[in-house]
Amino acid sequence: MNVFLKDDITEELKLLINNVQLVIFDFDGVFTDNRVYVSEDGIESVSCWRSDGLGLSKLKGLGLPIWVISTEINKVVSARCKKLQIDCIQGCDDKLVAVIKLVKQFDCSLDEVLYMGNDVNDIDCLQSVGLPVVVQDAYPEVVNLAKFKTQRAGGFGAVREICDLIYEFKK
């Protein structure tokens, strides 16, 4: 595993970042801290890091397509993505199939994809893309698949961290 600290970015990672043409995120555990709040009425909510939106805006300014692919079917995913003005695929049982469809849609290769995840349902995607990224608190089963591990945990600015890193090298 090649895990880089932001202050120690290698030439290899710079090349991988410059090669990125499509950015795809998991939602739970990446945009959130993986917790779900359930009210007495059964309504679910999550907590997200507000400044992630500013980081995503930077990437949009570079013209990079940004997507969320989630196995979750709760409306909270689509509501957050709508607010951030990014596209999402929900209720996805096979994330790699969805990634491959997006690669075809955007006429790029898997080597040009950054995929950011945190759990075992991200394994196939992390193994298949050019720049697999995990959050600081990712599950052990996926950490060794990453070429970059954020310093921030999911739901606590990990999305912003990777957006800032991409922007720094692609602007």
# chains A, B, ... in the order shown; residues from 1 in each chain; ligands from 1
>>> residues_around(residues="Met116 in chain A", least_positions_apart="6", cutoff="6 Å", atoms="only C-alpha atoms", output="PyMOL selection string")
chain A and resi 25+133-134
>>> write_last_selection(atoms="N, CA and C atoms", output="PDB file, in the first residue's frame")
ATOM      1  N   PHE A  25     -17.373   9.142  -5.534  1.00  0.00           N
ATOM      2  CA  PHE A  25     -17.345   8.954  -4.085  1.00  0.00           C
ATOM      3  C   PHE A  25     -18.410   7.954  -3.654  1.00  0.00           C
ATOM      4  N   VAL A 133      -8.789   5.787  -3.293  1.00  0.00           N
ATOM      5  CA  VAL A 133      -8.589   6.616  -2.107  1.00  0.00           C
ATOM      6  C   VAL A 133      -9.509   6.099  -0.998  1.00  0.00           C
ATOM      7  N   VAL A 134      -8.995   6.090   0.223  1.00  0.00           N
ATOM      8  CA  VAL A 134      -9.826   5.742   1.379  1.00  0.00           C
ATOM      9  C   VAL A 134      -9.710   6.844   2.421  1.00  0.00           C
TER      10      VAL A 134
END
>>> residues_around(residues="Arg152 in chain A", least_positions_apart="3", cutoff="7 Å", atoms="only C-alpha atoms", output="VMD selection string")
chain A and resid 135 to 136 156 to 158
>>> write_last_selection(atoms="N, CA and C atoms", output="PDB file, in the first residue's frame")
ATOM      1  N   VAL A 135     -10.714   6.918   3.274  1.00  0.00           N
ATOM      2  CA  VAL A 135     -10.718   7.887   4.362  1.00  0.00           C
ATOM      3  C   VAL A 135      -9.871   7.360   5.516  1.00  0.00           C
ATOM      4  N   GLN A 136      -9.480   8.258   6.398  1.00  0.00           N
ATOM      5  CA  GLN A 136      -8.613   7.917   7.528  1.00  0.00           C
ATOM      6  C   GLN A 136      -9.150   6.746   8.348  1.00  0.00           C
ATOM      7  N   PHE A 156     -15.766  14.170   8.325  1.00  0.00           N
ATOM      8  CA  PHE A 156     -15.053  15.232   9.029  1.00  0.00           C
ATOM      9  C   PHE A 156     -14.048  15.940   8.108  1.00  0.00           C
ATOM     10  N   GLY A 157     -14.428  16.100   6.852  1.00  0.00           N
ATOM     11  CA  GLY A 157     -13.607  16.861   5.919  1.00  0.00           C
ATOM     12  C   GLY A 157     -12.739  16.033   4.997  1.00  0.00           C
ATOM     13  N   ALA A 158     -12.922  14.717   4.965  1.00  0.00           N
ATOM     14  CA  ALA A 158     -12.128  13.875   4.064  1.00  0.00           C
ATOM     15  C   ALA A 158     -12.408  14.218   2.599  1.00  0.00           C
TER      16      ALA A 158
END
>>> residues_around(residues="Arg160 in chain A", least_positions_apart="6", cutoff="9 Å", atoms="only C-alpha atoms", output="list in words")
Trp49, Ser51, Asp52, Gly53, Leu54, Gly55 and Leu56 of chain A
>>> closest_atom_pairs(of="range 25-76 of chain A", to="range 82-106 of chain A", cutoff="6 Å", atoms="only C-alpha atoms", output="tab-separated table")
residue	atom	partner	partner_atom	distance
A:Gly53	CA	A:Leu84	CA	5.9
A:Trp67	CA	A:Asp87	CA	5.0
A:Val68	CA	A:Cys88	CA	4.5
A:Ile69	CA	A:Ile89	CA	4.8
A:Ser70	CA	A:Gln90	CA	4.9
A:Thr71	CA	A:Gly91	CA	4.4
A:Glu72	CA	A:Gly91	CA	5.2
A:Ile73	CA	A:Gly91	CA	4.7
>>> select_by_dssp(residues="range 6-169 of chain A", states="strand (DSSP E)", output="PyMOL selection string")
chain A and resi 22-25+37-38+44-45+66-69+87-89+113-117+131-134+148-149
>>> write_last_selection(atoms="N, CA and C atoms", output="PDB file, in the first residue's frame")
ATOM      1  N   LEU A  22     -12.400  11.647 -13.896  1.00  0.00           N
ATOM      2  CA  LEU A  22     -13.708  11.356 -13.310  1.00  0.00           C
ATOM      3  C   LEU A  22     -13.503  11.066 -11.826  1.00  0.00           C
ATOM      4  N   VAL A  23     -14.310  11.718 -10.970  1.00  0.00           N
ATOM      5  CA  VAL A  23     -14.201  11.556  -9.520  1.00  0.00           C
ATOM      6  C   VAL A  23     -15.499  10.931  -9.013  1.00  0.00           C
ATOM      7  N   ILE A  24     -15.360   9.823  -8.297  1.00  0.00           N
ATOM      8  CA  ILE A  24     -16.526   9.100  -7.784  1.00  0.00           C
ATOM      9  C   ILE A  24     -16.332   8.849  -6.291  1.00  0.00           C
ATOM     10  N   PHE A  25     -17.373   9.142  -5.534  1.00  0.00           N
ATOM     11  CA  PHE A  25     -17.345   8.954  -4.085  1.00  0.00           C
ATOM     12  C   PHE A  25     -18.410   7.954  -3.654  1.00  0.00           C
ATOM     13  N   TYR A  37     -28.815   8.884  12.351  1.00  0.00           N
ATOM     14  CA  TYR A  37     -29.683   9.299  13.449  1.00  0.00           C
ATOM     15  C   TYR A  37     -31.106   8.922  13.063  1.00  0.00           C
ATOM     16  N   VAL A  38     -31.813   8.243  13.970  1.00  0.00           N
ATOM     17  CA  VAL A  38     -33.172   7.801  13.684  1.00  0.00           C
ATOM     18  C   VAL A  38     -34.109   8.424  14.713  1.00  0.00           C
ATOM     19  N   GLU A  44     -34.638   9.095   9.164  1.00  0.00           N
ATOM     20  CA  GLU A  44     -33.194   9.027   9.296  1.00  0.00           C
ATOM     21  C   GLU A  44     -32.548  10.331   8.855  1.00  0.00           C
ATOM     22  N   SER A  45     -31.458  10.678   9.515  1.00  0.00           N
ATOM     23  CA  SER A  45     -30.648  11.816   9.096  1.00  0.00           C
ATOM     24  C   SER A  45     -29.185  11.478   9.369  1.00  0.00           C
ATOM     25  N   ILE A  66     -18.286  14.725 -11.275  1.00  0.00           N
ATOM     26  CA  ILE A  66     -18.268  14.228  -9.893  1.00  0.00           C
ATOM     27  C   ILE A  66     -19.556  13.454  -9.653  1.00  0.00           C
ATOM     28  N   TRP A  67     -19.417  12.247  -9.156  1.00  0.00           N
ATOM     29  CA  TRP A  67     -20.565  11.388  -8.890  1.00  0.00           C
ATOM     30  C   TRP A  67     -20.450  10.755  -7.512  1.00  0.00           C
ATOM     31  N   VAL A  68     -21.598  10.408  -6.964  1.00  0.00           N
ATOM     32  CA  VAL A  68     -21.691   9.591  -5.756  1.00  0.00           C
ATOM     33  C   VAL A  68     -22.389   8.297  -6.156  1.00  0.00           C
ATOM     34  N   ILE A  69     -21.828   7.184  -5.717  1.00  0.00           N
ATOM     35  CA  ILE A  69     -22.469   5.878  -5.904  1.00  0.00           C
ATOM     36  C   ILE A  69     -22.658   5.282  -4.518  1.00  0.00           C
ATOM     37  N   ASP A  87     -24.216  14.599  -9.144  1.00  0.00           N
ATOM     38  CA  ASP A  87     -25.083  13.484  -9.491  1.00  0.00           C
ATOM     39  C   ASP A  87     -24.837  12.299  -8.576  1.00  0.00           C
ATOM     40  N   CYS A  88     -25.882  11.483  -8.399  1.00  0.00           N
ATOM     41  CA  CYS A  88     -25.716  10.293  -7.571  1.00  0.00           C
ATOM     42  C   CYS A  88     -26.506   9.123  -8.134  1.00  0.00           C
ATOM     43  N   ILE A  89     -26.001   7.965  -7.829  1.00  0.00           N
ATOM     44  CA  ILE A  89     -26.660   6.700  -8.120  1.00  0.00           C
ATOM     45  C   ILE A  89     -26.894   6.054  -6.766  1.00  0.00           C
ATOM     46  N   VAL A 113      -9.894   7.257 -13.272  1.00  0.00           N
ATOM     47  CA  VAL A 113     -10.927   7.436 -12.249  1.00  0.00           C
ATOM     48  C   VAL A 113     -10.311   7.485 -10.863  1.00  0.00           C
ATOM     49  N   LEU A 114     -10.750   8.459 -10.068  1.00  0.00           N
ATOM     50  CA  LEU A 114     -10.475   8.484  -8.640  1.00  0.00           C
ATOM     51  C   LEU A 114     -11.752   7.989  -7.973  1.00  0.00           C
ATOM     52  N   TYR A 115     -11.638   6.953  -7.184  1.00  0.00           N
ATOM     53  CA  TYR A 115     -12.774   6.432  -6.416  1.00  0.00           C
ATOM     54  C   TYR A 115     -12.401   6.501  -4.948  1.00  0.00           C
ATOM     55  N   MET A 116     -13.291   7.086  -4.157  1.00  0.00           N
ATOM     56  CA  MET A 116     -13.046   7.233  -2.725  1.00  0.00           C
ATOM     57  C   MET A 116     -14.095   6.452  -1.939  1.00  0.00           C
ATOM     58  N   GLY A 117     -13.621   5.512  -1.127  1.00  0.00           N
ATOM     59  CA  GLY A 117     -14.529   4.685  -0.345  1.00  0.00           C
ATOM     60  C   GLY A 117     -14.008   4.446   1.055  1.00  0.00           C
ATOM     61  N   LEU A 131      -6.828   5.612  -9.323  1.00  0.00           N
ATOM     62  CA  LEU A 131      -6.493   6.280  -8.060  1.00  0.00           C
ATOM     63  C   LEU A 131      -7.516   5.924  -6.978  1.00  0.00           C
ATOM     64  N   PRO A 132      -7.286   4.798  -6.292  1.00  0.00           N
ATOM     65  CA  PRO A 132      -8.157   4.413  -5.184  1.00  0.00           C
ATOM     66  C   PRO A 132      -7.781   5.188  -3.925  1.00  0.00           C
ATOM     67  N   VAL A 133      -8.789   5.787  -3.293  1.00  0.00           N
ATOM     68  CA  VAL A 133      -8.589   6.616  -2.107  1.00  0.00           C
ATOM     69  C   VAL A 133      -9.509   6.099  -0.998  1.00  0.00           C
ATOM     70  N   VAL A 134      -8.995   6.090   0.223  1.00  0.00           N
ATOM     71  CA  VAL A 134      -9.826   5.742   1.379  1.00  0.00           C
ATOM     72  C   VAL A 134      -9.710   6.844   2.421  1.00  0.00           C
ATOM     73  N   PHE A 148      -3.939   6.409  -1.709  1.00  0.00           N
ATOM     74  CA  PHE A 148      -3.944   7.597  -0.851  1.00  0.00           C
ATOM     75  C   PHE A 148      -4.957   7.377   0.260  1.00  0.00           C
ATOM     76  N   LYS A 149      -4.545   7.712   1.471  1.00  0.00           N
ATOM     77  CA  LYS A 149      -5.423   7.657   2.635  1.00  0.00           C
ATOM     78  C   LYS A 149      -5.483   9.060   3.215  1.00  0.00           C
TER      79      LYS A 149
END
>>> select_by_dssp(residues="range 55-95 of chain A", states="alpha helix (DSSP H)", output="tab-separated table (two decimals) with N, CA and C atoms, in the first residue's frame")
chain	number	residue	atom	x	y	z
A	55	GLY	N	-14.99	22.44	-1.53
A	55	GLY	CA	-14.01	21.62	-2.23
A	55	GLY	C	-14.57	21.07	-3.53
A	56	LEU	N	-15.80	20.59	-3.48
A	56	LEU	CA	-16.44	20.06	-4.69
A	56	LEU	C	-16.62	21.15	-5.74
A	57	SER	N	-16.91	22.36	-5.30
A	57	SER	CA	-17.04	23.49	-6.23
A	57	SER	C	-15.74	23.74	-6.99
A	58	LYS	N	-14.62	23.58	-6.29
A	58	LYS	CA	-13.32	23.74	-6.96
A	58	LYS	C	-13.16	22.72	-8.08
A	59	LEU	N	-13.54	21.48	-7.80
A	59	LEU	CA	-13.41	20.43	-8.82
A	59	LEU	C	-14.34	20.69	-10.00
A	60	LYS	N	-15.56	21.13	-9.70
A	60	LYS	CA	-16.49	21.47	-10.78
A	60	LYS	C	-15.91	22.57	-11.65
A	61	GLY	N	-15.22	23.52	-11.02
A	61	GLY	CA	-14.58	24.60	-11.75
A	61	GLY	C	-13.50	24.11	-12.71
A	75	LYS	N	-33.42	8.82	1.18
A	75	LYS	CA	-33.48	10.11	0.50
A	75	LYS	C	-32.39	11.08	0.94
A	76	VAL	N	-31.76	10.83	2.07
A	76	VAL	CA	-30.73	11.75	2.56
A	76	VAL	C	-29.56	11.85	1.57
A	77	VAL	N	-29.26	10.75	0.87
A	77	VAL	CA	-28.16	10.76	-0.10
A	77	VAL	C	-28.49	11.70	-1.26
A	78	SER	N	-29.66	11.51	-1.84
A	78	SER	CA	-30.03	12.36	-2.98
A	78	SER	C	-30.24	13.81	-2.56
A	79	ALA	N	-30.73	14.02	-1.34
A	79	ALA	CA	-30.93	15.40	-0.87
A	79	ALA	C	-29.59	16.11	-0.72
A	80	ARG	N	-28.59	15.44	-0.15
A	80	ARG	CA	-27.27	16.07	0.00
A	80	ARG	C	-26.62	16.31	-1.36
A	81	CYS	N	-26.73	15.33	-2.24
A	81	CYS	CA	-26.14	15.48	-3.57
A	81	CYS	C	-26.82	16.60	-4.36
A	82	LYS	N	-28.13	16.70	-4.22
A	82	LYS	CA	-28.85	17.78	-4.90
A	82	LYS	C	-28.36	19.14	-4.40
A	83	LYS	N	-28.21	19.27	-3.09
A	83	LYS	CA	-27.73	20.52	-2.51
A	83	LYS	C	-26.33	20.85	-3.02
A	84	LEU	N	-25.49	19.83	-3.15
A	84	LEU	CA	-24.11	20.03	-3.62
A	84	LEU	C	-24.02	20.12	-5.14
A	95	LYS	N	-21.47	-1.65	-7.46
A	95	LYS	CA	-20.87	-0.34	-7.71
A	95	LYS	C	-19.91	-0.35	-8.89
>>> closest_residue(among="A:Glu40, A:Glu141, A:Asp164, A:Asp124", to="Leu110 in chain A", atoms="only C-alpha atoms")
A:Asp124
>>> atom_distance(atom1="CA of Asn118 in chain A", atom2="CA of Val143 in chain A")
8.0 Å
